[in-house]
Amino acid sequence: MNKHHPMLERVYALSTPDECESTYDEWAVRYEHDTTEEMGYAAPERAAARLAELIRPAEDGTQPSVLDAGCGTGLVGAALARNGLTAIDGIDISAAMLDQARAKGVYRSLAKADLTRKLSFPDSGYDAVICVGTLTEGHVGPEAMDELVRVARPGAPVVLTILDRIWEPQGYRARVAELEHRGAAVLEEAVPGTVYHAKENITCTLVVLRAGTR
Ligand SMILES: C[S@@+](CC[C@H](N)C(=O)[O-])C[C@H]1O[C@@H](n2cnc3c(N)ncnc32)[C@H](O)[C@@H]1O
């Protein structure tokens, strides 16, 4: 791996949810400065814009419900709100990151949750799910996609960013194939080379799944 921003080197080397929690608790206040200013972090904007092309409020103004999994400080929620989507629930393992997200005032609800475990949400409850920067090295592995599609209603879009360098090598592509095989999801799009950390020369595959009927 090339040398990256010191915080990126650090977080990609994490290995447990507890380590993620304490490291992001520590990083929370500087996270947005470091990622957006210093790394050119573009993924939240890109992914939110793609989701906003896939779902929109109903004619009567009813908002589709969106789960932002691994919401961090709320960059995705803010981008979704700018795109007219406002019924957003955020979950994250770090209370300090959630505090930053809360301060933005764009989430309908925020809660602490570990994406490596079963989520407390019922099946098929969300009209869309988005997960940016969290299914990644040192963070959350491919198995977590099972829960993301479970909580999405059949046909709902599930938008994910997964670094190009791990999409196949670390089993995310294979897990999507398993989900397809058992009817839990369909892979609708996988766009490699999507700008992620522009200043770090890191790209991702922007993935759109459609939750299945399983
Ligand atoms: C790179 S940040 C991305 C945050 C946000 N989605 C964004 O794009 O700015 C990764 C996030 O994943 C969260 N995280 C790491 N492991 C987690 C886990 N097991 N369960 C839930 N969240 C986790 C971290 O606390 C952090 O907020």
# chains A, B, ... in the order shown; residues from 1 in each chain; ligands from 1

$ residues_around --residues "Ala177 (chain A)" --least-positions-apart "5" --cutoff "9 Å" --atoms "only C-alpha atoms" --output "list in words"
Tyr172, Arg182, Ala185, Val186 and Leu187 of chain A

$ write_last_selection --atoms "all heavy atoms" --output "PDB file, in the first residue's frame"
ATOM      1  N   TYR A 172     -15.922  -8.905  -0.809  1.00  0.00           N
ATOM      2  CA  TYR A 172     -17.210  -8.177  -0.899  1.00  0.00           C
ATOM      3  C   TYR A 172     -17.976  -8.618  -2.152  1.00  0.00           C
ATOM      4  O   TYR A 172     -19.179  -8.868  -2.089  1.00  0.00           O
ATOM      5  CB  TYR A 172     -16.967  -6.661  -0.895  1.00  0.00           C
ATOM      6  CG  TYR A 172     -16.419  -6.161   0.428  1.00  0.00           C
ATOM      7  CD1 TYR A 172     -15.051  -6.108   0.663  1.00  0.00           C
ATOM      8  CD2 TYR A 172     -17.278  -5.769   1.454  1.00  0.00           C
ATOM      9  CE1 TYR A 172     -14.534  -5.672   1.878  1.00  0.00           C
ATOM     10  CE2 TYR A 172     -16.774  -5.328   2.676  1.00  0.00           C
ATOM     11  CZ  TYR A 172     -15.407  -5.277   2.878  1.00  0.00           C
ATOM     12  OH  TYR A 172     -14.919  -4.864   4.089  1.00  0.00           O
ATOM     13  N   ARG A 182     -29.032 -16.441  -3.014  1.00  0.00           N
ATOM     14  CA  ARG A 182     -30.164 -16.825  -2.163  1.00  0.00           C
ATOM     15  C   ARG A 182     -31.347 -15.862  -2.243  1.00  0.00           C
ATOM     16  O   ARG A 182     -32.276 -15.930  -1.436  1.00  0.00           O
ATOM     17  CB  ARG A 182     -29.734 -17.057  -0.726  1.00  0.00           C
ATOM     18  CG  ARG A 182     -28.999 -15.964  -0.039  1.00  0.00           C
ATOM     19  CD  ARG A 182     -28.809 -16.373   1.436  1.00  0.00           C
ATOM     20  NE  ARG A 182     -28.912 -15.223   2.286  1.00  0.00           N
ATOM     21  CZ  ARG A 182     -27.881 -14.646   2.880  1.00  0.00           C
ATOM     22  NH1 ARG A 182     -26.682 -15.142   2.718  1.00  0.00           N
ATOM     23  NH2 ARG A 182     -28.059 -13.590   3.629  1.00  0.00           N
ATOM     24  N   ALA A 185     -30.650 -10.214  -2.557  1.00  0.00           N
ATOM     25  CA  ALA A 185     -30.333  -8.947  -3.225  1.00  0.00           C
ATOM     26  C   ALA A 185     -29.972  -9.205  -4.676  1.00  0.00           C
ATOM     27  O   ALA A 185     -29.629 -10.327  -5.045  1.00  0.00           O
ATOM     28  CB  ALA A 185     -29.157  -8.252  -2.530  1.00  0.00           C
ATOM     29  N   VAL A 186     -30.054  -8.145  -5.459  1.00  0.00           N
ATOM     30  CA  VAL A 186     -29.595  -8.179  -6.853  1.00  0.00           C
ATOM     31  C   VAL A 186     -28.572  -7.061  -7.000  1.00  0.00           C
ATOM     32  O   VAL A 186     -28.783  -5.949  -6.489  1.00  0.00           O
ATOM     33  CB  VAL A 186     -30.781  -7.946  -7.826  1.00  0.00           C
ATOM     34  CG1 VAL A 186     -30.284  -7.781  -9.256  1.00  0.00           C
ATOM     35  CG2 VAL A 186     -31.777  -9.091  -7.725  1.00  0.00           C
ATOM     36  N   LEU A 187     -27.458  -7.364  -7.653  1.00  0.00           N
ATOM     37  CA  LEU A 187     -26.455  -6.328  -7.922  1.00  0.00           C
ATOM     38  C   LEU A 187     -26.901  -5.539  -9.147  1.00  0.00           C
ATOM     39  O   LEU A 187     -26.935  -6.064 -10.256  1.00  0.00           O
ATOM     40  CB  LEU A 187     -25.087  -6.960  -8.183  1.00  0.00           C
ATOM     41  CG  LEU A 187     -23.953  -6.000  -8.559  1.00  0.00           C
ATOM     42  CD1 LEU A 187     -23.714  -4.953  -7.476  1.00  0.00           C
ATOM     43  CD2 LEU A 187     -22.675  -6.775  -8.853  1.00  0.00           C
TER      44      LEU A 187
END

$ residues_around --residues "Val106 (chain A)" --least-positions-apart "4" --cutoff "9 Å" --atoms "only C-alpha atoms" --output "list in words"
Gly74, Gly77, Ala78, Leu80, Ala81, Thr86, Ala87, Ile88, Ala101 and Arg102 of chain A

$ write_last_selection --atoms "N, CA and C atoms" --output "JSON list (two decimals), in the first residue's frame"
[["chain", "number", "residue", "atom", "x", "y", "z"],
["A", 74, "GLY", "N", -21.94, 12.48, 9.97],
["A", 74, "GLY", "CA", -23.13, 12.93, 9.25],
["A", 74, "GLY", "C", -22.89, 13.57, 7.90],
["A", 77, "GLY", "N", -25.61, 12.19, 5.69],
["A", 77, "GLY", "CA", -26.93, 12.75, 6.02],
["A", 77, "GLY", "C", -27.07, 14.17, 5.50],
["A", 78, "ALA", "N", -26.01, 14.95, 5.66],
["A", 78, "ALA", "CA", -26.06, 16.34, 5.19],
["A", 78, "ALA", "C", -26.20, 16.37, 3.66],
["A", 80, "LEU", "N", -27.51, 13.99, 1.78],
["A", 80, "LEU", "CA", -28.86, 13.54, 1.43],
["A", 80, "LEU", "C", -29.86, 14.68, 1.63],
["A", 81, "ALA", "N", -29.71, 15.41, 2.74],
["A", 81, "ALA", "CA", -30.63, 16.52, 3.01],
["A", 81, "ALA", "C", -30.54, 17.57, 1.90],
["A", 86, "THR", "N", -34.95, 13.60, 3.79],
["A", 86, "THR", "CA", -34.84, 14.08, 5.18],
["A", 86, "THR", "C", -35.29, 13.07, 6.24],
["A", 87, "ALA", "N", -35.80, 11.90, 5.84],
["A", 87, "ALA", "CA", -36.20, 10.91, 6.85],
["A", 87, "ALA", "C", -35.04, 9.92, 7.02],
["A", 88, "ILE", "N", -33.98, 10.38, 7.67],
["A", 88, "ILE", "CA", -32.74, 9.60, 7.71],
["A", 88, "ILE", "C", -32.45, 9.17, 9.14],
["A", 101, "ALA", "N", -22.70, 14.13, 14.40],
["A", 101, "ALA", "CA", -23.83, 14.00, 13.47],
["A", 101, "ALA", "C", -25.07, 14.69, 14.03],
["A", 102, "ARG", "N", -25.28, 14.51, 15.33],
["A", 102, "ARG", "CA", -26.47, 15.10, 15.98],
["A", 102, "ARG", "C", -26.46, 16.62, 15.82]]

$ closest_atom_pairs --of "region 73-189 of chain A" --to "region 53-60 of chain A" --cutoff "9 Å" --atoms "only C-alpha atoms" --output "JSON lines"
{"residue": "A:Gly84", "atom": "CA", "partner": "A:Arg56", "partner_atom": "CA", "distance": 7.8}
{"residue": "A:Leu85", "atom": "CA", "partner": "A:Arg56", "partner_atom": "CA", "distance": 7.1}
{"residue": "A:Asp127", "atom": "CA", "partner": "A:Ile55", "partner_atom": "CA", "distance": 8.2}
{"residue": "A:Ala128", "atom": "CA", "partner": "A:Ile55", "partner_atom": "CA", "distance": 7.8}
{"residue": "A:Ala156", "atom": "CA", "partner": "A:Ile55", "partner_atom": "CA", "distance": 8.7}
{"residue": "A:Pro157", "atom": "CA", "partner": "A:Leu54", "partner_atom": "CA", "distance": 7.1}

$ residues_around --residues "Val207 (chain A)" --least-positions-apart "5" --cutoff "6 Å" --atoms "only C-alpha atoms" --output "PDB file with all heavy atoms, in the first residue's frame"
ATOM      1  N   VAL A 159     -27.062   1.439  -1.285  1.00  0.00           N
ATOM      2  CA  VAL A 159     -25.917   2.081  -1.941  1.00  0.00           C
ATOM      3  C   VAL A 159     -24.698   1.961  -1.030  1.00  0.00           C
ATOM      4  O   VAL A 159     -24.753   2.346   0.141  1.00  0.00           O
ATOM      5  CB  VAL A 159     -26.227   3.569  -2.251  1.00  0.00           C
ATOM      6  CG1 VAL A 159     -24.993   4.291  -2.775  1.00  0.00           C
ATOM      7  CG2 VAL A 159     -27.368   3.666  -3.264  1.00  0.00           C
ATOM      8  N   LEU A 160     -23.620   1.434  -1.585  1.00  0.00           N
ATOM      9  CA  LEU A 160     -22.415   1.147  -0.797  1.00  0.00           C
ATOM     10  C   LEU A 160     -21.182   1.692  -1.514  1.00  0.00           C
ATOM     11  O   LEU A 160     -21.127   1.664  -2.744  1.00  0.00           O
ATOM     12  CB  LEU A 160     -22.223  -0.367  -0.659  1.00  0.00           C
ATOM     13  CG  LEU A 160     -23.449  -1.222  -0.313  1.00  0.00           C
ATOM     14  CD1 LEU A 160     -23.119  -2.704  -0.495  1.00  0.00           C
ATOM     15  CD2 LEU A 160     -23.881  -0.944   1.126  1.00  0.00           C
ATOM     16  N   GLU A 189     -25.712  -2.196  -9.915  1.00  0.00           N
ATOM     17  CA  GLU A 189     -24.585  -1.429 -10.480  1.00  0.00           C
ATOM     18  C   GLU A 189     -23.349  -1.666  -9.639  1.00  0.00           C
ATOM     19  O   GLU A 189     -23.447  -1.790  -8.416  1.00  0.00           O
ATOM     20  CB  GLU A 189     -24.831   0.087 -10.372  1.00  0.00           C
ATOM     21  CG  GLU A 189     -25.929   0.649 -11.201  1.00  0.00           C
ATOM     22  CD  GLU A 189     -26.193   2.123 -10.835  1.00  0.00           C
ATOM     23  OE1 GLU A 189     -25.304   2.774 -10.231  1.00  0.00           O
ATOM     24  OE2 GLU A 189     -27.286   2.588 -11.135  1.00  0.00           O
ATOM     25  N   ALA A 190     -22.202  -1.657 -10.295  1.00  0.00           N
ATOM     26  CA  ALA A 190     -20.922  -1.642  -9.578  1.00  0.00           C
ATOM     27  C   ALA A 190     -19.993  -0.802 -10.443  1.00  0.00           C
ATOM     28  O   ALA A 190     -19.567  -1.247 -11.504  1.00  0.00           O
ATOM     29  CB  ALA A 190     -20.378  -3.044  -9.397  1.00  0.00           C
TER      30      ALA A 190
END

$ residues_near_ligand --ligand "ligand 1" --cutoff "9 Å" --atoms "only C-alpha atoms and all ligand atoms" --output "PyMOL selection string"
chain A and resi 8+11+16-25+28+31-32+35-36+41-45+68-77+91-98+112-117+130-136+138-141+144

$ select_by_dssp --residues "region 38-186 of chain A" --states "strand (DSSP E or B)" --output "MDAnalysis selection string"
chainID A and resid 41 65:69 87:92 109:112 126 128:131 152 157:163 185:186

$ atom_distance --atom1 "CA of Pro192 (chain A)" --atom2 "CA of Arg165 (chain A)"
9.9 Å

$ select_by_dssp --residues "region 151-210 of chain A" --states "helix (DSSP H, G or I)" --output "PyMOL selection string"
chain A and resi 164-167+172-181+198-200

$ closest_residue --among "A:Ala184, A:Cys204, A:Met145, A:Met7" --to "Trp167 (chain A)" --atoms "only C-alpha atoms"
A:Cys204

$ decode --residues "region 133-159 of chain A" --atoms "N, CA, C and O atoms" --output "tab-separated table (two decimals), in the first residue's frame"
chain	number	residue	atom	x	y	z
A	133	GLY	N	-17.92	4.42	3.30
A	133	GLY	CA	-16.65	4.48	4.01
A	133	GLY	C	-16.54	3.54	5.19
A	133	GLY	O	-15.58	3.63	5.97
A	134	THR	N	-17.47	2.62	5.35
A	134	THR	CA	-17.54	1.81	6.57
A	134	THR	C	-17.33	0.33	6.28
A	134	THR	O	-16.77	-0.39	7.11
A	135	LEU	N	-17.77	-0.13	5.11
A	135	LEU	CA	-17.43	-1.49	4.67
A	135	LEU	C	-16.03	-1.40	4.10
A	135	LEU	O	-15.83	-1.29	2.89
A	136	THR	N	-15.05	-1.36	5.01
A	136	THR	CA	-13.70	-1.06	4.53
A	136	THR	C	-12.64	-1.73	5.37
A	136	THR	O	-12.94	-2.35	6.40
A	137	GLU	N	-11.41	-1.61	4.92
A	137	GLU	CA	-10.28	-2.24	5.61
A	137	GLU	C	-10.24	-1.84	7.08
A	137	GLU	O	-10.33	-0.66	7.41
A	138	GLY	N	-10.10	-2.81	7.95
A	138	GLY	CA	-9.98	-2.53	9.38
A	138	GLY	C	-11.29	-2.16	10.04
A	138	GLY	O	-11.32	-1.84	11.24
A	139	HIS	N	-12.40	-2.15	9.29
A	139	HIS	CA	-13.68	-1.70	9.84
A	139	HIS	C	-14.70	-2.85	9.82
A	139	HIS	O	-14.73	-3.66	10.73
A	140	VAL	N	-15.51	-2.88	8.79
A	140	VAL	CA	-16.65	-3.81	8.75
A	140	VAL	C	-16.53	-4.69	7.49
A	140	VAL	O	-16.44	-4.16	6.38
A	141	GLY	N	-16.56	-5.99	7.70
A	141	GLY	CA	-16.35	-6.93	6.60
A	141	GLY	C	-17.59	-7.20	5.78
A	141	GLY	O	-18.68	-6.67	6.06
A	142	PRO	N	-17.45	-8.04	4.75
A	142	PRO	CA	-18.53	-8.29	3.78
A	142	PRO	C	-19.81	-8.87	4.39
A	142	PRO	O	-20.89	-8.62	3.88
A	143	GLU	N	-19.69	-9.62	5.49
A	143	GLU	CA	-20.87	-10.28	6.09
A	143	GLU	C	-21.93	-9.26	6.49
A	143	GLU	O	-23.14	-9.57	6.52
A	144	ALA	N	-21.49	-8.04	6.82
A	144	ALA	CA	-22.44	-7.02	7.28
A	144	ALA	C	-23.45	-6.63	6.20
A	144	ALA	O	-24.53	-6.09	6.52
A	145	MET	N	-23.12	-6.90	4.95
A	145	MET	CA	-24.09	-6.57	3.89
A	145	MET	C	-25.38	-7.36	4.05
A	145	MET	O	-26.44	-6.90	3.63
A	146	ASP	N	-25.30	-8.53	4.67
A	146	ASP	CA	-26.51	-9.35	4.87
A	146	ASP	C	-27.57	-8.57	5.65
A	146	ASP	O	-28.77	-8.60	5.34
A	147	GLU	N	-27.11	-7.90	6.72
A	147	GLU	CA	-28.04	-7.15	7.55
A	147	GLU	C	-28.55	-5.91	6.82
A	147	GLU	O	-29.71	-5.50	6.98
A	148	LEU	N	-27.68	-5.30	6.04
A	148	LEU	CA	-28.11	-4.08	5.32
A	148	LEU	C	-29.23	-4.40	4.33
A	148	LEU	O	-30.18	-3.61	4.19
A	149	VAL	N	-29.14	-5.54	3.68
A	149	VAL	CA	-30.22	-5.87	2.74
A	149	VAL	C	-31.45	-6.41	3.49
A	149	VAL	O	-32.58	-6.22	3.05
A	150	ARG	N	-31.22	-7.04	4.65
A	150	ARG	CA	-32.37	-7.56	5.42
A	150	ARG	C	-33.30	-6.43	5.85
A	150	ARG	O	-34.53	-6.57	5.81
A	151	VAL	N	-32.73	-5.31	6.28
A	151	VAL	CA	-33.58	-4.24	6.83
A	151	VAL	C	-34.18	-3.36	5.73
A	151	VAL	O	-34.98	-2.47	6.02
A	152	ALA	N	-33.79	-3.60	4.48
A	152	ALA	CA	-34.35	-2.85	3.35
A	152	ALA	C	-35.56	-3.60	2.79
A	152	ALA	O	-35.54	-4.83	2.69
A	153	ARG	N	-36.59	-2.84	2.42
A	153	ARG	CA	-37.78	-3.52	1.86
A	153	ARG	C	-37.43	-4.08	0.47
A	153	ARG	O	-36.53	-3.54	-0.20
A	154	PRO	N	-38.12	-5.13	0.05
A	154	PRO	CA	-37.82	-5.69	-1.27
A	154	PRO	C	-37.88	-4.62	-2.36
A	154	PRO	O	-38.82	-3.83	-2.40
A	155	GLY	N	-36.85	-4.57	-3.17
A	155	GLY	CA	-36.78	-3.57	-4.24
A	155	GLY	C	-36.08	-2.29	-3.83
A	155	GLY	O	-35.77	-1.44	-4.68
A	156	ALA	N	-35.82	-2.10	-2.54
A	156	ALA	CA	-35.19	-0.86	-2.08
A	156	ALA	C	-33.72	-0.82	-2.51
A	156	ALA	O	-33.03	-1.84	-2.47
A	157	PRO	N	-33.21	0.37	-2.88
A	157	PRO	CA	-31.79	0.48	-3.20
A	157	PRO	C	-30.91	0.46	-1.94
A	157	PRO	O	-31.28	1.04	-0.92
A	158	VAL	N	-29.79	-0.21	-2.06
A	158	VAL	CA	-28.79	-0.25	-1.00
A	158	VAL	C	-27.49	0.23	-1.65
A	158	VAL	O	-26.92	-0.46	-2.50
A	159	VAL	N	-27.06	1.44	-1.29
A	159	VAL	CA	-25.92	2.08	-1.94
A	159	VAL	C	-24.70	1.96	-1.03
A	159	VAL	O	-24.75	2.35	0.14
